[in-house]
Structures are given as C-alpha cells and as structure tokens.
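**Q** Quick one: the structure is below, questions incoming.
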Protein chains: 2
Amino acid sequence: MRSAPDASEPTPPARTRPGGRTARIRTQVLDAVTAELAEHGYDALSMDAVATRAGVHRATVYRRWQDVGGLLADLFSAAGDQPWHPRDTGSLRGDLAALNREIQESLTAEPSLAVALIAASFRSGEAARALQHLWDDRYTQSEVIVERAILRDELPPGTDARALLIAATAPVYHHLVLLRTPPDPELPESAAATAVLAADSGAFSR
Amino acid sequence: MRSAPDASEPTPPARTRPGGRTARIRTQVLDAVTAELAEHGYDALSMDAVATRAGVHRATVYRRWQDVGGLLADLFSAAGDQPWHPRDTGSLRGDLAALNREIQESLTAEPSLAVALIAASFRSGEAARALQHLWDDRYTQSEVIVERAILRDELPPGTDARALLIAATAPVYHHLVLLRTPPDPELPESAAATAVLAADSGAFSR
C-alpha cells in the first residue's frame with residue numbers, strides 16, 4: 001500500500017475535488033494516454049495526440065503534465081491508486097500461480113499496456129521512477145501471500161517475502177519481456193511450484 | 001553454440017575476407033556503434049554519428065547496414081561470434097553464481113552496453129530478434145553447467161537445463177533491468193543457491 005502523503009507535500013490537484021472538473025479532465029487525459037499507448041506504443045505518444053483524443057485543450061495538458069514523462073508518471077500513480085489485492089486461493093502455490101497468471105495476462109495482452117509502460121521506462125527517467133514505485137507497491141501488496149502461508153504453517157515465520165515473490169515471478173517477466181519467448185501456458189504454475197520447492201528447502205529463511 | 005551456416009545461405013560479406021578491408025570496416029563501424037551506445041544511449045544513435053566516429057563514408061554505412069536496426073543486429077551477431085564459455089568452478093552452485101556475477105557486472109557497468117541493447121530491443125524489431133538470438137545462444141552455451149552437474153551426480157539425468165538456468169538468472173535481470181533496485185552484491189549467489197535448492201527438490205526434473 002502507498003503510504004499516506006506527508007502533510008508538507010502539495011496535494012496533487014486531481015485529488016482535491018474527486019468528483020469535480022479537475023478529476024474529470026484527469027480521467028479523460030489518462031484514458032487517452034492509455035488508448036494511445038495501447039494503439040501506437042510509446043514512440044508515437046505525444047502531448048498533442050493525447051489532448052486531441054481526450055478532447056481537452058492542449059494548453060491545459062501542457063500546464064498540468066508538462067511533458068510525456070509527466071503523463072506517464074501520473075498514469076502509474078493513478079494505477080497505484082486502484083485497489084488491488086492478490087487472489088486468495090488457500091495455498092501458497094495456488095496464490096503464486098494466480099499472481100503469475102495475472103502477470104502473464106497483462107504482458108501478453110494485445111496490445112499490452114504493461115509492455116508499453118516498461119518500454120517507456122527505458123526512455124523517460126520520470127516514467128522509470130514511477131514504474132519502480134508502482135512495482136514496489138505491487139510487491140508490497142503481494143506480501144500478504146507470504147503472510148497467509150506463514151499463518152497456515154506452510155512457511156516459517158521470518159521468511160523473506162520479497163525474495164520469495166521475486167523468485168516466483170521473475171521467470172515470467174524474463175520470458176515475456178526480455179527473452180520474448182512465446183507465452184507458455186504452464187509457466188505461471190511451474191515458476192510458482194519452483195519457488196515453493198525452494199521455500200520448502202529454506203531458500204528464503206532469514 | 002551457433003550452428004554452422006547452411007550452405008545455401010548467402011555468406012555475410014564481413015566473413016568472406018576475415019582480414020580484409022570489409023572486415024576492417026565492419027570492426028570500425030561496430031566499435032563506433034558500441035561507443036555511441038555506451039556514451040549516448042540508443043535514443044541518440046544515428047547512422048551519421050556512427051559513420052563520423054568510425055571514419056567510414058556515410059554511403060558505405062547506409063549501403064551495408066541500411067538503418068540503426070541493421071547496425072544493432074550486426075552488433076549482436078558479432079557478439080554471438082565471440083567465443084564464450086561459462087566458468088567451471090567445480091560445483092553447480094558455484095557455476096550458477098559465477099554466471100550471475102557476470103550478468104550482474106554487464107548490467108551494472110557504467111555505462112552498460114547490455115542495458116542499452118535491451119532498451120534498443122523495445123524500439124527496433126530487428127534489434128529485438130537479434131537480441132533474442134544472442135540470448136538463445138548464451139543459454140544454450142550455459143547448458144554445459146547443467147551437463148557437468150549431471151556428470152558429478154549433483155543433478156539427475158533429464159534435468160530441464162533451460163528452466164534451471166532461467167530460474168537461476170531471472171531474478172538478477174528482474175532486479176537490475178526491470179525493478180532497477182540498487183545492485184545487491186549477495187544476489188548472484190543467493191539466486192544461484194535458490195535455484196540449486198529447487199533443483200535438489202526435483203523442480204526441473206522432466
């Protein structure tokens with residue numbers, strides 16, 4: 001979960017009037033960014049195309065988001081605001097497999113917004129920082145998978161949750177984002193099973 | 001190892017006269033690509049900057065490599081021609097840790113050519129295919145690690161070498177290329193140890 005903003009930080013404008021015009025414009029603009037990324041990829045993303053698609057004045061888009069990096073950072077930030085919880089399947093292996101299936105689906109969607117965002121992160125420092133923040137949130141939210149497994153006595157207390165989650169999910173990212181092998185329907189399950197076997201042998205005990 | 005080229009394939013020009021002018025120009029141009037990528041990243045890579053840096057006529061560079069994608073593909077191809085063997089440390093865990101250290105070093109070099117090439121692969125289909133080919137070569141060459149472990153009775157015959165190698169190396173790539181966490185000096189060893197524990201539990205037995 002994202003921590004509460006420090007009181008000394010300026011409150012992001014979109015959150016001050018959640019139902020107001022500011023929020024509506026943000027939604028329109030971020031929806032347009034998503035659609036443009038999905039259709040044309042990061043290379044073709046431009047402030048003007050986003051403004052046109054969103055039906056929002058160019059000047060408003062420039063004033064509020066400055067550049068393409070600002071748009072992407074806000075898109076990640078909005079994604080981080082969405083409630084998200086890993087599925088509870090009743091077992092560590094089932095939970096990790098469900099998480100991996102969700103990752104595999106997001107990376108193999110045609111077009112994949114997730115891959116477009118990863119690609120963007122190689123070209124925009126702002127996008128890279130925002131993606132890093134979002135990933136950190138997601139892994140933190142996923143730690144409940146390990147906490148539940150400890151409560152079920154599937155894992156010893158003190159298990160390094162982050163290391164286990166990364167061992168379970170990294171092969172899915174590696175195959176689909178870096179190696180770009182054709183999606184293997186068995187991979188989410190087999191990568192989860194491998195991490196559980198390693199955990200059972202104490203690989204993540206601190 | 002790359003297989004011998006099929007006799008029906010046209011022989012790449014650079015290989016016809018290994019010591020000749022063609023080969024010398026290729027070396028100059030690919031060295032210039034490497035230097036440009038390392039200094040300025042993929043975004044700034046241009047045919048003209050490469051030609052100038054290499055001291056080779058622009059027309060020659062355009063005729064032989066067509067575009068930036070062609071330059072990158074040939075750079076990957078040249079990297080694949082370099083003899084490379086994983087280190088033989090005498091144990092599966094040691095071999096995997098050495099492989100991971102080599103990966104970690106290549107990804108954390110300042111500047112990292114490897115990261116520049118990965119970034120390029122998101123924008124050039126030709127670069128993506130060439131990187132995929134290079135990675136495939138490297139994993140194939142690394143399978144000897146698993147073969148040696150089978151001969152030493154560390155692993156059962158029929159172990160899925162590729163799955164084991166990917167489980168061992170994926171967390172290093174995931175941390176450094178996607179999550180962009182600060183390099184953890186323990187990670188090459190711990191990711192190797194995790195994969196060995198999973199292997200000992202039969203995770204990669206076919």
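In the structure tokens, each chain is lettered A, B, ... as it comes, each chain's residues begin at 1, and ligands are numbered from 1 in order of appearance.
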Which residues of chain A have any atom within 6 Å of an atom in chain B when counting only C-alpha atoms, and what is the closest pair of atoms for each, with the distance in Å to one decimal? Order the rows by chain and rising number and write it as JSON lines.
**A**
```
{"residue": "A:Ala119", "atom": "CA", "partner": "B:Phe122", "partner_atom": "CA", "distance": 5.8}
{"residue": "A:Phe122", "atom": "CA", "partner": "B:Ala119", "partner_atom": "CA", "distance": 5.8}
{"residue": "A:Gln132", "atom": "CA", "partner": "B:Leu179", "partner_atom": "CA", "distance": 5.7}
{"residue": "A:Ala170", "atom": "CA", "partner": "B:Pro171", "partner_atom": "CA", "distance": 5.4}
{"residue": "A:Pro171", "atom": "CA", "partner": "B:Ala170", "partner_atom": "CA", "distance": 5.4}
{"residue": "A:His174", "atom": "CA", "partner": "B:Ala170", "partner_atom": "CA", "distance": 5.8}
{"residue": "A:Leu179", "atom": "CA", "partner": "B:Gln132", "partner_atom": "CA", "distance": 5.8}
{"residue": "A:Thr194", "atom": "CA", "partner": "B:Ala203", "partner_atom": "CA", "distance": 5.4}
{"residue": "A:Leu197", "atom": "CA", "partner": "B:Ala198", "partner_atom": "CA", "distance": 5.3}
{"residue": "A:Ala198", "atom": "CA", "partner": "B:Ala198", "partner_atom": "CA", "distance": 4.3}
{"residue": "A:Ala203", "atom": "CA", "partner": "B:Thr194", "partner_atom": "CA", "distance": 5.4}
```
**Q** Given the selection you just returned, output its residues as a file containing C-alpha atoms, formatted as a PDB file, in the first residue's frame.
**A**
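Wrote selection15.pdb, looks like this:
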```pdb
ATOM      1  CA  ALA A 119       9.368   0.253 -22.896  1.00  0.00           C
ATOM      2  CA  PHE A 122      13.779   2.955 -20.758  1.00  0.00           C
ATOM      3  CA  GLN A 132       9.593   1.462  -9.932  1.00  0.00           C
ATOM      4  CA  ALA A 170      10.892 -13.152 -12.264  1.00  0.00           C
ATOM      5  CA  PRO A 171      10.870 -16.062 -14.762  1.00  0.00           C
ATOM      6  CA  HIS A 174      12.124 -12.728 -18.047  1.00  0.00           C
ATOM      7  CA  LEU A 179      13.636 -13.236 -23.857  1.00  0.00           C
ATOM      8  CA  THR A 194       9.695 -23.962  -8.273  1.00  0.00           C
ATOM      9  CA  LEU A 197      10.070 -26.068  -3.568  1.00  0.00           C
ATOM     10  CA  ALA A 198      12.915 -23.647  -2.909  1.00  0.00           C
ATOM     11  CA  ALA A 203      15.819 -20.728   0.471  1.00  0.00           C
TER      12      ALA A 203
END
```
**Q** Can you work out which one of A:Ala130, A:Ile103, A:Ala97, A:Leu113 has the shortest atom-to-atom distance to Gly69 in chain A, counting only C-alpha atoms?
**A** A:Ala130
**Q** Which residues are near Leu72 in chain A? Cut-off 10 Å, only C-alpha atoms, ignore same chain within fewer than 4 positions. Put them as a PyMOL selection string.
**A** chain A and resi 30+33-34+37+42+45+65+67-68+76-78+117+120-121+124+126-128+130-131
**Q** Write the residues of the selection above to a file with all heavy atoms, as a compact mmCIF listing (two decimals), in the first residue's frame.
**A**
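The result, written out as out24.txt:
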```txt
# COMPACT_ATOMS: atom_id res chain seq x y z
N LEU A 30 -5.90 10.68 -18.89
CA LEU A 30 -5.19 9.41 -18.65
C LEU A 30 -5.80 8.28 -19.49
O LEU A 30 -5.07 7.39 -19.96
CB LEU A 30 -5.16 9.06 -17.17
CG LEU A 30 -4.37 10.05 -16.29
CD1 LEU A 30 -4.23 9.52 -14.87
CD2 LEU A 30 -2.99 10.37 -16.88
N VAL A 33 -4.19 8.66 -22.77
CA VAL A 33 -2.79 8.17 -22.75
C VAL A 33 -2.80 6.64 -22.89
O VAL A 33 -2.06 6.07 -23.69
CB VAL A 33 -2.07 8.57 -21.44
CG1 VAL A 33 -0.69 7.94 -21.38
CG2 VAL A 33 -1.95 10.09 -21.33
N THR A 34 -3.66 5.99 -22.12
CA THR A 34 -3.75 4.53 -22.17
C THR A 34 -4.08 4.06 -23.57
O THR A 34 -3.45 3.14 -24.11
CB THR A 34 -4.83 4.04 -21.18
OG1 THR A 34 -4.53 4.56 -19.89
CG2 THR A 34 -4.88 2.52 -21.13
N LEU A 37 -1.12 4.70 -25.98
CA LEU A 37 -0.02 3.75 -25.73
C LEU A 37 -0.37 2.39 -26.29
O LEU A 37 0.45 1.74 -26.93
CB LEU A 37 0.21 3.60 -24.23
CG LEU A 37 1.15 4.57 -23.54
CD1 LEU A 37 1.23 4.21 -22.06
CD2 LEU A 37 2.54 4.54 -24.15
N TYR A 42 4.78 3.63 -27.17
CA TYR A 42 5.35 4.81 -26.54
C TYR A 42 5.99 5.76 -27.55
O TYR A 42 5.95 6.98 -27.39
CB TYR A 42 6.39 4.38 -25.50
CG TYR A 42 7.12 5.55 -24.91
CD1 TYR A 42 6.47 6.37 -23.99
CD2 TYR A 42 8.42 5.86 -25.28
CE1 TYR A 42 7.12 7.47 -23.45
CE2 TYR A 42 9.07 6.95 -24.74
CZ TYR A 42 8.42 7.76 -23.83
OH TYR A 42 9.06 8.83 -23.31
N LEU A 45 3.73 8.40 -28.74
CA LEU A 45 2.95 9.17 -27.76
C LEU A 45 3.34 10.64 -27.81
O LEU A 45 4.51 10.98 -27.72
CB LEU A 45 3.20 8.60 -26.36
CG LEU A 45 2.28 9.11 -25.24
CD1 LEU A 45 0.85 8.63 -25.47
CD2 LEU A 45 2.77 8.63 -23.89
N TRP A 65 0.67 18.64 -17.04
CA TRP A 65 1.54 17.44 -17.09
C TRP A 65 2.93 17.72 -17.68
O TRP A 65 3.75 16.82 -17.72
CB TRP A 65 0.83 16.31 -17.86
CG TRP A 65 -0.28 15.67 -17.08
CD1 TRP A 65 -0.15 14.67 -16.16
CD2 TRP A 65 -1.68 15.96 -17.14
NE1 TRP A 65 -1.38 14.34 -15.63
CE2 TRP A 65 -2.35 15.11 -16.22
CE3 TRP A 65 -2.46 16.88 -17.86
CZ2 TRP A 65 -3.72 15.12 -16.02
CZ3 TRP A 65 -3.83 16.88 -17.67
CH2 TRP A 65 -4.45 16.03 -16.76
N ASP A 67 5.11 17.26 -19.81
CA ASP A 67 5.60 16.50 -20.96
C ASP A 67 5.12 15.06 -20.88
O ASP A 67 4.38 14.70 -19.95
CB ASP A 67 7.13 16.59 -21.06
CG ASP A 67 7.81 16.09 -19.80
OD1 ASP A 67 7.16 15.34 -19.03
OD2 ASP A 67 8.97 16.44 -19.57
N VAL A 68 5.56 14.28 -21.85
CA VAL A 68 5.12 12.89 -21.94
C VAL A 68 5.51 12.11 -20.68
O VAL A 68 4.75 11.27 -20.19
CB VAL A 68 5.72 12.26 -23.22
CG1 VAL A 68 5.65 10.75 -23.19
CG2 VAL A 68 4.98 12.80 -24.46
N PHE A 76 0.95 5.97 -13.98
CA PHE A 76 1.40 4.98 -12.99
C PHE A 76 0.82 5.30 -11.63
O PHE A 76 0.41 4.41 -10.89
CB PHE A 76 2.92 4.99 -12.87
CG PHE A 76 3.64 4.39 -14.04
CD1 PHE A 76 4.35 5.18 -14.92
CD2 PHE A 76 3.62 3.02 -14.25
CE1 PHE A 76 5.04 4.62 -15.98
CE2 PHE A 76 4.31 2.47 -15.32
CZ PHE A 76 5.02 3.27 -16.18
N SER A 77 0.83 6.59 -11.31
CA SER A 77 0.32 7.00 -10.00
C SER A 77 -1.15 6.64 -9.87
O SER A 77 -1.60 6.14 -8.84
CB SER A 77 0.56 8.50 -9.84
OG SER A 77 -0.17 8.99 -8.77
N ALA A 78 -1.91 6.86 -10.94
CA ALA A 78 -3.34 6.51 -10.93
C ALA A 78 -3.52 5.01 -10.79
O ALA A 78 -4.41 4.54 -10.08
CB ALA A 78 -4.02 7.03 -12.21
N LEU A 117 4.47 0.38 -21.09
CA LEU A 117 4.97 1.16 -19.95
C LEU A 117 6.42 0.79 -19.63
O LEU A 117 7.24 1.66 -19.32
CB LEU A 117 4.08 0.95 -18.73
CG LEU A 117 2.65 1.47 -18.86
CD1 LEU A 117 1.84 1.11 -17.62
CD2 LEU A 117 2.62 2.97 -19.09
N ALA A 120 8.52 2.42 -22.19
CA ALA A 120 8.63 3.86 -21.91
C ALA A 120 9.65 4.13 -20.81
O ALA A 120 10.37 5.13 -20.83
CB ALA A 120 7.27 4.41 -21.50
N SER A 121 9.72 3.22 -19.85
CA SER A 121 10.61 3.44 -18.69
C SER A 121 12.08 3.45 -19.10
O SER A 121 12.93 3.95 -18.36
CB SER A 121 10.37 2.38 -17.62
OG SER A 121 10.93 1.15 -18.01
N SER A 124 12.30 7.44 -20.39
CA SER A 124 11.91 8.58 -19.57
C SER A 124 12.25 8.27 -18.12
O SER A 124 11.75 7.30 -17.54
CB SER A 124 10.40 8.82 -19.72
OG SER A 124 9.87 9.46 -18.57
N GLU A 126 11.40 9.88 -15.59
CA GLU A 126 10.21 10.06 -14.76
C GLU A 126 9.33 8.81 -14.81
O GLU A 126 8.83 8.32 -13.79
CB GLU A 126 9.42 11.28 -15.27
CG GLU A 126 8.57 11.91 -14.21
CD GLU A 126 8.12 13.31 -14.62
OE1 GLU A 126 8.67 13.88 -15.60
OE2 GLU A 126 7.21 13.82 -13.98
N ALA A 127 9.18 8.26 -16.02
CA ALA A 127 8.40 7.03 -16.17
C ALA A 127 9.08 5.89 -15.43
O ALA A 127 8.42 5.06 -14.79
CB ALA A 127 8.24 6.68 -17.65
N ALA A 128 10.42 5.84 -15.48
CA ALA A 128 11.15 4.76 -14.80
C ALA A 128 10.92 4.82 -13.30
O ALA A 128 10.65 3.80 -12.66
CB ALA A 128 12.64 4.86 -15.12
N ALA A 130 8.41 6.23 -11.75
CA ALA A 130 7.01 5.94 -11.44
C ALA A 130 6.73 4.44 -11.54
O ALA A 130 6.00 3.87 -10.72
CB ALA A 130 6.10 6.71 -12.40
N LEU A 131 7.33 3.77 -12.54
CA LEU A 131 7.12 2.32 -12.69
C LEU A 131 7.74 1.58 -11.50
O LEU A 131 7.15 0.64 -10.96
CB LEU A 131 7.75 1.84 -14.00
CG LEU A 131 7.62 0.33 -14.29
CD1 LEU A 131 6.17 -0.12 -14.34
CD2 LEU A 131 8.31 -0.04 -15.61
```
**Q** For a quick check of understanding, using only C-alpha atoms, which of B:Asp160, B:His85, B:Ala49, B:Leu75 has the smallest distance to Gln141 in chain B?
**A**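 Once distances to Gln141 in chain B are computed over only C-alpha atoms, the minimum belongs to B:His85.
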**Q** Could you go through chain A and tell me which residues DSSP, when run on the backbone, assigns to helix (DSSP H, G or I), listing them as a ChimeraX atom specification?
**A** /A:13-16,21-40,42-44,47-54,58-65,68-81,92-108,113-121,125-151,161-179,187-200
**Q** At what distance in Å, to one decimal, does CA of Leu176 in chain A lie from CA of Ser91 in chain A?
**A**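 We find that CA of Ser91 in chain A and CA of Leu176 in chain A lie 25.5 Å from each other.
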